[in-house]
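**Q** Below you will find the structure I want to go over with you.
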2 protein chains.
Amino acid sequence: MLRLYDNLSSGNGYKVRLMLHKLGIPFERVEMDIDHGGTRTPEFLAKNPNGRIPTLELEDGTFVAESNAIIWYLAEGSPYLPDGRLERAQVLQWMFFEQYSHEPNVATPRYWITHHVEMTPERTMALPGKRKQGYDALGVMEGHLGERPFFVGERLSIADVALYAYTHVAHEGGFDLSAYPAVNAWLARVAAEAPHIPITQG
Amino acid sequence: MLRLYDNLSSGNGYKVRLMLHKLGIPFERVEMDIDHGGTRTPEFLAKNPNGRIPTLELEDGTFVAESNAIIWYLAEGSPYLPDGRLERAQVLQWMFFEQYSHEPNVATPRYWITHHVEMTPERTMALPGKRKQGYDALGVMEGHLGERPFFVGERLSIADVALYAYTHVAHEGGFDLSAYPAVNAWLARVAAEAPHIPITQG
């Protein structure tokens, strides 16, 4: 059985849980303490030298890290990953946008707030920039979703799952999404696609 | 003919130039002024709403953005992208590592220095953290490359191209790679794989 090293509060972990659930793949979940170095122990670094969850352990003991690489691996051959060369590149385009332009700005303030992380001078100084760039990323999404139902093609793909994970809880990081109607309509559309689970479900 | 919106100083642009060269694909290059808002004009935002280079224009006028998505698109069906499901996920794992853990820390200080960007209080405060996380990323690479010649499998793939782009010029951002012998050996190995071009070649 697949084993997922995870943390329930993590949007990156939620991407994997949601895809496993959608694909009907049973898995064992190992909750990691990400606040007190649980992913930086020698034992865990042997599984993922970058010391992060989610990390997926396959049946043969191989580990796959990076949330978007994991959901690509899981979705291969399913309707959640298109077949065409261009559409696959577009799925990747949005997943790299998510990890570079969206997650560091939209997810990180949520982590600081909900995990009661000490607001050092460095974090305090970085917050306004993250806020601006987070809204910029939401603006890019708003423009794209104003013209189409999902990020790539006419159906839900792992690109939507990747961007849904932290967008639907952006308010927990202090983001106000009221000025983004197309994003809100898309959030409702993704949540309505059965099977679906909330981020709180292990 | 493919058209690449690019900037010669960009490691992200270099990834695409290097892959086009390796694959023998002719292309037209459009040099963009990234220091004075050249990628934030309405004309360019119509091509890539995220306002960044590299952006690739296909023959039919479709645009693909995000360097690692572009090189995946280009390498599909070539020896630079493995066939197996697990190996493809591992290629993606290292490319997402590159964009999340490596590039923001290793490439950004180089950009600030070589483009003479104003060192605002925010950037000054962020620099030590980027330095530490950049060395952490190089340490993860060192551990992985100590046991194998390339990032995935036994041959050069787009995962190597993605990580080579900013690692081989990390010294321009103030990083000292002398304590990373496996990384240095790998850098030499990648540069020795013909055909190869330097980052300065358009």
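Convention: chains lettered A, B, ... in structure tokens order; per-chain residue numbering from 1; ligands numbered from 1 as shown.
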Identify all chain B residues at most 10 Å from chain A by counting only C-alpha atoms; ligands do not count. Present them as a count of residues only.
**A** 56
**Q** Where does DSSP see alpha helix (DSSP H) in range 8-194 of chain A, if you list the residues as a VMD selection string?
**A** chain A and resid 11 to 23 42 to 45 67 to 75 85 to 97 108 to 114 121 to 145 158 to 167 181 to 191
**Q** Store the residues picked out above in a file with C-alpha atoms, as a short mmCIF file (atom, residue, chain, number, x, y, z; two decimals), in the first residue's frame.
**A**
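Final file, again39.cif:
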data_model
loop_
_atom_site.label_atom_id
_atom_site.label_comp_id
_atom_site.auth_asym_id
_atom_site.auth_seq_id
_atom_site.Cartn_x
_atom_site.Cartn_y
_atom_site.Cartn_z
CA GLY A 11 -2.19 22.41 1.18
CA ASN A 12 0.65 20.61 -0.57
CA GLY A 13 -0.28 17.46 1.35
CA TYR A 14 -3.97 18.04 0.57
CA LYS A 15 -3.24 17.99 -3.19
CA VAL A 16 -2.01 14.40 -2.81
CA ARG A 17 -4.80 13.31 -0.43
CA LEU A 18 -7.41 14.76 -2.79
CA MET A 19 -5.95 12.99 -5.83
CA LEU A 20 -5.64 9.67 -3.98
CA HIS A 21 -9.28 10.04 -2.96
CA LYS A 22 -10.43 10.98 -6.49
CA LEU A 23 -8.56 8.02 -7.96
CA PRO A 42 18.15 11.75 9.87
CA GLU A 43 15.46 9.09 9.49
CA PHE A 44 13.19 11.33 7.42
CA LEU A 45 16.03 12.96 5.45
CA SER A 67 3.51 17.66 -4.29
CA ASN A 68 3.04 18.46 -7.98
CA ALA A 69 5.39 15.67 -9.10
CA ILE A 70 3.47 13.25 -6.87
CA ILE A 71 0.05 14.16 -8.26
CA TRP A 72 1.44 13.97 -11.82
CA TYR A 73 2.69 10.45 -11.01
CA LEU A 74 -0.67 9.44 -9.53
CA ALA A 75 -2.80 10.96 -12.30
CA ARG A 85 1.54 17.18 -25.70
CA LEU A 86 0.43 20.82 -25.59
CA GLU A 87 -2.20 20.26 -22.91
CA ARG A 88 0.32 18.41 -20.74
CA ALA A 89 2.74 21.32 -21.08
CA GLN A 90 -0.07 23.69 -20.10
CA VAL A 91 -0.84 21.59 -17.02
CA LEU A 92 2.83 21.86 -16.08
CA GLN A 93 2.85 25.60 -16.84
CA TRP A 94 0.13 26.17 -14.25
CA MET A 95 1.73 23.82 -11.73
CA PHE A 96 5.07 25.66 -12.00
CA PHE A 97 3.17 28.97 -11.73
CA THR A 108 3.33 31.17 3.40
CA PRO A 109 1.39 33.93 5.26
CA ARG A 110 -1.29 31.33 6.07
CA TYR A 111 1.39 29.08 7.52
CA TRP A 112 2.81 31.91 9.61
CA ILE A 113 -0.61 32.79 10.98
CA THR A 114 -2.18 29.37 11.52
CA PRO A 121 11.93 41.17 11.37
CA GLU A 122 12.70 39.23 8.18
CA ARG A 123 9.16 37.82 7.96
CA THR A 124 7.57 41.17 8.88
CA MET A 125 9.60 42.89 6.16
CA ALA A 126 8.70 40.21 3.60
CA LEU A 127 4.95 40.19 4.24
CA PRO A 128 3.87 43.25 2.18
CA GLY A 129 5.77 41.92 -0.85
CA LYS A 130 4.19 38.51 -0.45
CA ARG A 131 0.77 40.13 -0.14
CA LYS A 132 1.25 42.09 -3.37
CA GLN A 133 2.64 39.15 -5.30
CA GLY A 134 -0.09 36.89 -3.93
CA TYR A 135 -2.78 39.25 -5.23
CA ASP A 136 -0.87 39.48 -8.53
CA ALA A 137 -1.02 35.67 -8.84
CA LEU A 138 -4.73 35.68 -8.01
CA GLY A 139 -5.17 38.35 -10.70
CA VAL A 140 -3.49 36.11 -13.29
CA MET A 141 -5.86 33.29 -12.28
CA GLU A 142 -8.88 35.63 -12.45
CA GLY A 143 -8.04 36.66 -16.01
CA HIS A 144 -7.55 33.07 -17.14
CA LEU A 145 -10.68 31.71 -15.44
CA ILE A 158 -4.24 18.20 -11.66
CA ALA A 159 -3.51 21.85 -12.56
CA ASP A 160 -6.81 22.76 -10.87
CA VAL A 161 -6.06 20.53 -7.89
CA ALA A 162 -2.63 22.15 -7.49
CA LEU A 163 -4.05 25.68 -7.53
CA TYR A 164 -7.18 24.86 -5.52
CA ALA A 165 -5.22 23.60 -2.52
CA TYR A 166 -4.00 26.96 -1.22
CA THR A 167 -6.46 29.27 -3.01
CA PRO A 181 -15.46 36.46 -8.96
CA ALA A 182 -14.08 34.08 -11.60
CA VAL A 183 -11.73 32.54 -9.02
CA ASN A 184 -14.63 32.12 -6.60
CA ALA A 185 -16.82 30.51 -9.27
CA TRP A 186 -13.96 28.13 -10.13
CA LEU A 187 -13.40 27.27 -6.44
CA ALA A 188 -17.08 26.25 -6.23
CA ARG A 189 -16.77 24.29 -9.49
CA VAL A 190 -13.74 22.33 -8.23
CA ALA A 191 -15.39 21.58 -4.88
#
**Q** Using Å and a single decimal, report how far CA of Glu31 in chain A sits from CA of Asn7 in chain A.
**A**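 Those two atoms sit 5.2 Å apart.
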**Q** Report as JSON, numbers by chain: the residues of range 32-126 of chain B with a DSSP assignment of strand (DSSP E), based on the backbone of this structure.
**A** {"B": [55, 56, 57, 63, 64, 65]}
**Q** Taking C-alpha atoms for each residue, export the selection above as a CSV table (one decimal), in the first residue's frame.
**A**
chain,number,residue,atom,x,y,z
B,55,THR,CA,7.7,32.5,-23.1
B,56,LEU,CA,7.6,30.3,-26.2
B,57,GLU,CA,5.4,31.1,-29.1
B,63,PHE,CA,2.1,30.5,-26.0
B,64,VAL,CA,3.8,28.3,-23.4
B,65,ALA,CA,5.3,29.9,-20.3
**Q** Nearest residue to Ala194 in chain B out of B:Val169, B:Glu118, B:Gly24, B:Thr39, using only C-alpha atoms?
**A**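 Smallest distance to Ala194 in chain B is found for B:Gly24.
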**Q** When you draw a straight line from CA of Asp33 in chain B to CA of Phe175 in chain B, how long is it in Å?
**A**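 CA of Phe175 in chain B lies at a distance of 25.9 Å from CA of Asp33 in chain B.
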